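Participant: The file below is data23.pdb, PDB, C-alpha atoms and all ligand atoms:
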```pdb
ATOM      1  CA  MET A  24     -17.247  -2.461  -7.607  1.00  0.00           C
ATOM      2  CA  LYS A  25     -13.522  -2.680  -6.927  1.00  0.00           C
ATOM      3  CA  VAL A  26     -11.538  -5.331  -8.806  1.00  0.00           C
ATOM      4  CA  LEU A  27      -8.163  -6.354  -7.402  1.00  0.00           C
ATOM      5  CA  THR A  28      -5.307  -8.582  -8.549  1.00  0.00           C
ATOM      6  CA  GLY A  29      -3.655 -10.631  -5.805  1.00  0.00           C
ATOM      7  CA  VAL A  30      -0.142 -12.040  -5.818  1.00  0.00           C
ATOM      8  CA  GLY A  31       1.731 -14.032  -3.215  1.00  0.00           C
ATOM      9  CA  ALA A  32       5.213 -14.871  -2.023  1.00  0.00           C
ATOM     10  CA  VAL A  33       6.838 -16.350   1.062  1.00  0.00           C
ATOM     11  CA  ILE A  34       9.557 -14.941   3.291  1.00  0.00           C
ATOM     12  CA  GLU A  35      11.419 -18.037   4.388  1.00  0.00           C
ATOM     13  CA  GLY A  36      12.990 -18.372   7.797  1.00  0.00           C
ATOM     14  CA  ALA A  37      13.226 -14.707   8.744  1.00  0.00           C
ATOM     15  CA  THR A  38      14.029 -14.349  12.416  1.00  0.00           C
ATOM     16  CA  HIS A  39      12.931 -11.966  15.126  1.00  0.00           C
ATOM     17  CA  ALA A  40      12.930 -11.772  18.897  1.00  0.00           C
ATOM     18  CA  ASP A  41       9.789 -12.615  20.825  1.00  0.00           C
ATOM     19  CA  ARG A  42       8.412  -9.324  22.163  1.00  0.00           C
ATOM     20  CA  LEU A  43       7.732 -10.785  25.595  1.00  0.00           C
ATOM     21  CA  THR A  44      10.638 -13.188  26.164  1.00  0.00           C
ATOM     22  CA  GLY A  45      13.308 -11.853  23.795  1.00  0.00           C
ATOM     23  CA  VAL A  46      13.893 -15.371  22.462  1.00  0.00           C
ATOM     24  CA  VAL A  47      15.091 -15.226  18.848  1.00  0.00           C
ATOM     25  CA  HIS A  48      13.299 -17.595  16.489  1.00  0.00           C
ATOM     26  CA  GLY A  49      12.226 -17.824  12.849  1.00  0.00           C
ATOM     27  CA  HIS A  50       9.053 -18.035  10.817  1.00  0.00           C
ATOM     28  CA  ASP A  51       7.985 -18.459   7.231  1.00  0.00           C
ATOM     29  CA  TRP A  52       5.797 -15.438   6.517  1.00  0.00           C
ATOM     30  CA  VAL A  53       3.193 -15.819   3.767  1.00  0.00           C
ATOM     31  CA  VAL A  54       2.701 -12.496   2.000  1.00  0.00           C
ATOM     32  CA  THR A  55      -0.274 -11.603  -0.194  1.00  0.00           C
ATOM     33  CA  ALA A  56      -0.315  -8.256  -1.978  1.00  0.00           C
ATOM     34  CA  TRP A  57      -3.461  -6.908  -3.643  1.00  0.00           C
ATOM     35  CA  HIS A  58      -3.239  -4.454  -6.514  1.00  0.00           C
ATOM     36  CA  GLU A  59      -5.791  -2.372  -8.354  1.00  0.00           C
ATOM     37  CA  CYS A  60      -6.674  -4.268 -11.516  1.00  0.00           C
ATOM     38  CA  LYS A  61      -5.155  -2.198 -14.327  1.00  0.00           C
ATOM     39  CA  ASP A  62      -4.311  -3.016 -17.927  1.00  0.00           C
ATOM     40  CA  GLU A  63      -0.663  -2.203 -17.279  1.00  0.00           C
ATOM     41  CA  ASN A  64      -0.481  -4.612 -14.321  1.00  0.00           C
ATOM     42  CA  ASP A  65       0.526  -8.151 -15.197  1.00  0.00           C
ATOM     43  CA  ALA A  66      -0.034 -10.564 -12.317  1.00  0.00           C
ATOM     44  CA  VAL A  67       3.029 -12.662 -13.127  1.00  0.00           C
ATOM     45  CA  VAL A  68       5.248  -9.565 -13.158  1.00  0.00           C
ATOM     46  CA  LEU A  69       3.694  -8.293  -9.912  1.00  0.00           C
ATOM     47  CA  ARG A  70       4.298 -11.693  -8.320  1.00  0.00           C
ATOM     48  CA  SER A  71       7.914 -11.757  -9.503  1.00  0.00           C
ATOM     49  CA  ASN A  72       8.480  -8.308  -8.016  1.00  0.00           C
ATOM     50  CA  LEU A  73       6.964  -9.392  -4.699  1.00  0.00           C
ATOM     51  CA  GLU A  74       9.038 -12.593  -4.664  1.00  0.00           C
ATOM     52  CA  LEU A  75      12.197 -10.559  -5.229  1.00  0.00           C
ATOM     53  CA  LEU A  76      11.232  -8.123  -2.470  1.00  0.00           C
ATOM     54  CA  CYS A  77      10.489 -10.964  -0.021  1.00  0.00           C
ATOM     55  CA  LYS A  78      13.675 -12.822  -0.917  1.00  0.00           C
ATOM     56  CA  GLY A  79      15.609  -9.925   0.578  1.00  0.00           C
ATOM     57  CA  PHE A  80      14.295 -10.963   4.018  1.00  0.00           C
ATOM     58  CA  ASP A  81      14.882 -14.733   3.657  1.00  0.00           C
ATOM     59  CA  HIS A  82      16.944 -16.411   6.380  1.00  0.00           C
ATOM     60  CA  LYS A  83      17.959 -13.109   7.955  1.00  0.00           C
ATOM     61  CA  PRO A  84      17.082 -11.318  11.178  1.00  0.00           C
ATOM     62  CA  LEU A  85      14.306  -8.820  10.568  1.00  0.00           C
ATOM     63  CA  PRO A  86      15.353  -5.236  11.307  1.00  0.00           C
ATOM     64  CA  PRO A  87      14.257  -4.227  14.827  1.00  0.00           C
ATOM     65  CA  GLU A  88      11.635  -1.851  13.428  1.00  0.00           C
ATOM     66  CA  LEU A  89      10.084  -4.686  11.389  1.00  0.00           C
ATOM     67  CA  THR A  90       9.799  -7.439  13.960  1.00  0.00           C
ATOM     68  CA  ARG A  91       5.987  -7.230  14.090  1.00  0.00           C
ATOM     69  CA  ALA A  92       4.119  -8.616  11.096  1.00  0.00           C
ATOM     70  CA  GLU A  93       2.075  -5.407  10.985  1.00  0.00           C
ATOM     71  CA  ASP A  94       5.232  -3.321  10.532  1.00  0.00           C
ATOM     72  CA  LEU A  95       6.576  -5.782   7.958  1.00  0.00           C
ATOM     73  CA  ALA A  96       3.304  -5.473   6.020  1.00  0.00           C
ATOM     74  CA  VAL A  97       3.618  -1.665   6.019  1.00  0.00           C
ATOM     75  CA  ALA A  98       7.217  -1.898   4.761  1.00  0.00           C
ATOM     76  CA  ILE A  99       6.226  -4.283   1.964  1.00  0.00           C
ATOM     77  CA  MET A 100       3.345  -1.992   1.000  1.00  0.00           C
ATOM     78  CA  ARG A 101       5.706   0.992   0.807  1.00  0.00           C
ATOM     79  CA  LEU A 102       8.203  -0.974  -1.321  1.00  0.00           C
ATOM     80  CA  SER A 103       5.462  -2.187  -3.697  1.00  0.00           C
ATOM     81  CA  PRO A 104       4.222  -0.418  -6.838  1.00  0.00           C
ATOM     82  CA  PRO A 105       1.671   2.375  -6.249  1.00  0.00           C
ATOM     83  CA  SER A 106      -1.148   0.105  -7.449  1.00  0.00           C
ATOM     84  CA  CYS A 107      -0.744  -1.983  -4.262  1.00  0.00           C
ATOM     85  CA  VAL A 108      -3.720  -1.316  -1.993  1.00  0.00           C
ATOM     86  CA  GLU A 109      -3.433  -4.104   0.565  1.00  0.00           C
ATOM     87  CA  VAL A 110      -0.810  -6.419   2.022  1.00  0.00           C
ATOM     88  CA  GLU A 111      -1.583  -9.354   4.262  1.00  0.00           C
ATOM     89  CA  ILE A 112       0.979 -11.427   6.109  1.00  0.00           C
ATOM     90  CA  SER A 113       0.211 -14.698   7.827  1.00  0.00           C
ATOM     91  CA  ARG A 114       2.250 -17.343   9.551  1.00  0.00           C
ATOM     92  CA  ALA A 115       1.796 -20.624  11.307  1.00  0.00           C
ATOM     93  CA  GLY A 116      -0.566 -20.458  14.251  1.00  0.00           C
ATOM     94  CA  ARG A 117      -3.286 -18.701  12.214  1.00  0.00           C
ATOM     95  CA  LEU A 118      -1.797 -15.279  12.942  1.00  0.00           C
ATOM     96  CA  TYR A 119      -2.411 -12.440  10.496  1.00  0.00           C
ATOM     97  CA  ALA A 120      -1.544  -8.834   9.853  1.00  0.00           C
ATOM     98  CA  ARG A 121      -3.066  -6.628   7.185  1.00  0.00           C
ATOM     99  CA  VAL A 122      -2.422  -3.107   5.984  1.00  0.00           C
ATOM    100  CA  THR A 123      -4.676  -1.281   3.539  1.00  0.00           C
ATOM    101  CA  ALA A 124      -4.183   1.923   1.577  1.00  0.00           C
TER     102      ALA A 124
HETATM  103 ZN    ZN B   1       7.773 -14.972  16.159  1.00  0.00          ZN
END
```
Would you mind writing the file's structure down as structure tokens?
Facilitator:
Amino acid sequence: MKVLTGVGAVIEGATHADRLTGVVHGHDWVVTAWHECKDENDAVVLRSNLELLCKGFDHKPLPPELTRAEDLAVAIMRLSPPSCVEVEISRAGRLYARVTA
């Protein structure tokens, strides 16, 4: 059995260009990060770290290499503590991206 601890944060109003039309627009991106359940992991601390990480993207254009939610999920996974084994990003329209270790 694998036991995980999940924490969430929101990237507010980050913008990117539509891949088909090039039209720049913004989304709120809901981020959920799952960590291996370890004694040294405190969920509140993990959530605070994720919130801080996500805040760096708020109300800014996403870098060109991170305009897809899948790429953003990979970047967040890489910037998270090593205990992070999965990151999911969703946004309005029931659209999801997920990366796993
Ligand atoms: Zn979009």
Participant: Could you pull the residues within 9 Å of Arg70 of chain A, counting all atoms listed in the file, minus those fewer than 5 positions along the same chain, as a PyMOL selection string?
Facilitator: chain A and resi 29-32+56+65+75
Participant: Written as a ChimeraX atom specification, which residues does the PyMOL selection byres (((chain A and resi 94-97) around 9) and not hetatm) give for the file shown?
Facilitator: /A:54,85,88-93,98-102,109-112,120-123
Participant: Could you dump the residues just selected with C-alpha atoms as an mmCIF file, keeping the file's coordinate frame?
Facilitator:
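Printed below is out.cif as written:
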```cif
data_model
loop_
_atom_site.group_PDB
_atom_site.id
_atom_site.type_symbol
_atom_site.label_atom_id
_atom_site.label_comp_id
_atom_site.auth_asym_id
_atom_site.auth_seq_id
_atom_site.Cartn_x
_atom_site.Cartn_y
_atom_site.Cartn_z
ATOM 1 C CA VAL A 54 2.701 -12.496 2.000
ATOM 2 C CA LEU A 85 14.306 -8.820 10.568
ATOM 3 C CA GLU A 88 11.635 -1.851 13.428
ATOM 4 C CA LEU A 89 10.084 -4.686 11.389
ATOM 5 C CA THR A 90 9.799 -7.439 13.960
ATOM 6 C CA ARG A 91 5.987 -7.230 14.090
ATOM 7 C CA ALA A 92 4.119 -8.616 11.096
ATOM 8 C CA GLU A 93 2.075 -5.407 10.985
ATOM 9 C CA ALA A 98 7.217 -1.898 4.761
ATOM 10 C CA ILE A 99 6.226 -4.283 1.964
ATOM 11 C CA MET A 100 3.345 -1.992 1.000
ATOM 12 C CA ARG A 101 5.706 0.992 0.807
ATOM 13 C CA LEU A 102 8.203 -0.974 -1.321
ATOM 14 C CA GLU A 109 -3.433 -4.104 0.565
ATOM 15 C CA VAL A 110 -0.810 -6.419 2.022
ATOM 16 C CA GLU A 111 -1.583 -9.354 4.262
ATOM 17 C CA ILE A 112 0.979 -11.427 6.109
ATOM 18 C CA ALA A 120 -1.544 -8.834 9.853
ATOM 19 C CA ARG A 121 -3.066 -6.628 7.185
ATOM 20 C CA VAL A 122 -2.422 -3.107 5.984
ATOM 21 C CA THR A 123 -4.676 -1.281 3.539
#
```
Participant: Using all atoms listed in the file, which residues of the polymer chains come no farther than 8 Å from ligand ZN 1 (chain B)? I'd like the answer as a ChimeraX atom specification.
Facilitator: /A:38-41,47-50
Participant: For this structure, which residues satisfy the selection - the PyMOL selection byres (((chain A and resi 61-64) around 10) and not hetatm) - when it is evaluated on the file as given? I want them as number ranges by chain.
Facilitator: A: 26-28, 58-60, 65-69, 104, 106
Participant: Find the spatial neighbours of segment 78-83 of chain A, counting all atoms listed in the file, within a cut-off of 6 Å - ignore same-chain residues fewer than 5 positions away - and output them as a list in words.
Facilitator: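 Non-adjacent residues within range: Ile34, Glu35, Gly36 and Ala37 of chain A.
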Participant: What do you get, as a list of chain:residue names, if you spell out every residue that the PyMOL selection byres (((chain A and resi 115) around 9) and not hetatm) selects here?
Facilitator: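 So the PyMOL selection byres (((chain A and resi 115) around 9) and not hetatm), applied here, picks out A:His50, A:Asp51, A:Trp52, A:Ser113, A:Arg114, A:Gly116, A:Arg117, A:Leu118.
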Participant: Go through A:Pro87, A:Gly45, A:Trp57, A:Leu76 one by one, measure the shortest atom-to-atom distance of each to Val108 of chain A using all atoms listed in the file, and give the residue with the smallest value.
Facilitator: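 Distance minimum relative to Val108 of chain A lands on A:Trp57.
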Participant: If you measure from atom CA of Glu74 of chain A to atom CA of Lys25 of chain A, what distance in Å do you get, rounded to one decimal?
Facilitator: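 Answer for the atom CA of Glu74 of chain A to atom CA of Lys25 of chain A separation: 24.7 Å.
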Participant: How big is the axis-aligned box, and where does its centre sit, when it encloses all atoms of segment 59-74 of chain A listed in the file and has 5 Å added on every side, reported in Å to one decimal as AutoDock Vina command-line options?
Facilitator:
```
--center_x 1.2 --center_y -7.4 --center_z -11.3 --size_x 25.7 --size_y 20.5 --size_z 23.3
```
Participant: From the set A:Arg42, A:Pro86, A:Ser103, A:Thr55, which residue has the shortest atom-to-atom contact distance to Asn72 of chain A, counting only C-alpha atoms?
Facilitator: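 Among A:Arg42, A:Pro86, A:Ser103, A:Thr55, it is A:Ser103 that comes nearest to Asn72 of chain A.
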Participant: Would you mind putting back N, CA and C atoms on segment 90-103 of chain A, then writing it out as an mmCIF file, in the coordinates of the input?
Facilitator:
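The resulting file, selection.cif, is shown below:
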```cif
data_model
loop_
_atom_site.group_PDB
_atom_site.id
_atom_site.type_symbol
_atom_site.label_atom_id
_atom_site.label_comp_id
_atom_site.auth_asym_id
_atom_site.auth_seq_id
_atom_site.Cartn_x
_atom_site.Cartn_y
_atom_site.Cartn_z
ATOM 1 N N THR A 90 9.967 -6.133 13.322
ATOM 2 C CA THR A 90 9.799 -7.439 13.960
ATOM 3 C C THR A 90 8.334 -7.833 14.126
ATOM 4 N N ARG A 91 7.417 -6.882 14.063
ATOM 5 C CA ARG A 91 5.987 -7.230 14.090
ATOM 6 C C ARG A 91 5.506 -7.398 12.659
ATOM 7 N N ALA A 92 4.645 -8.377 12.439
ATOM 8 C CA ALA A 92 4.119 -8.616 11.096
ATOM 9 C C ALA A 92 3.420 -7.372 10.555
ATOM 10 N N GLU A 93 2.770 -6.617 11.425
ATOM 11 C CA GLU A 93 2.075 -5.407 10.985
ATOM 12 C C GLU A 93 3.068 -4.405 10.383
ATOM 13 N N ASP A 94 4.218 -4.249 11.039
ATOM 14 C CA ASP A 94 5.232 -3.321 10.532
ATOM 15 C C ASP A 94 5.860 -3.842 9.243
ATOM 16 N N LEU A 95 6.047 -5.162 9.177
ATOM 17 C CA LEU A 95 6.576 -5.782 7.958
ATOM 18 C C LEU A 95 5.600 -5.569 6.798
ATOM 19 N N ALA A 96 4.312 -5.692 7.067
ATOM 20 C CA ALA A 96 3.304 -5.473 6.020
ATOM 21 C C ALA A 96 3.351 -4.023 5.521
ATOM 22 N N VAL A 97 3.518 -3.074 6.423
ATOM 23 C CA VAL A 97 3.618 -1.665 6.019
ATOM 24 C C VAL A 97 4.852 -1.461 5.141
ATOM 25 N N ALA A 98 5.982 -2.055 5.540
ATOM 26 C CA ALA A 98 7.217 -1.898 4.761
ATOM 27 C C ALA A 98 7.049 -2.486 3.364
ATOM 28 N N ILE A 99 6.424 -3.648 3.268
ATOM 29 C CA ILE A 99 6.226 -4.283 1.964
ATOM 30 C C ILE A 99 5.288 -3.437 1.114
ATOM 31 N N MET A 100 4.261 -2.880 1.736
ATOM 32 C CA MET A 100 3.345 -1.992 1.000
ATOM 33 C C MET A 100 4.104 -0.795 0.447
ATOM 34 N N ARG A 101 4.964 -0.201 1.243
ATOM 35 C CA ARG A 101 5.706 0.992 0.807
ATOM 36 C C ARG A 101 6.706 0.665 -0.302
ATOM 37 N N LEU A 102 7.224 -0.572 -0.310
ATOM 38 C CA LEU A 102 8.203 -0.974 -1.321
ATOM 39 C C LEU A 102 7.533 -1.511 -2.588
ATOM 40 N N SER A 103 6.207 -1.638 -2.560
ATOM 41 C CA SER A 103 5.462 -2.187 -3.697
ATOM 42 C C SER A 103 5.073 -1.069 -4.663
#
```
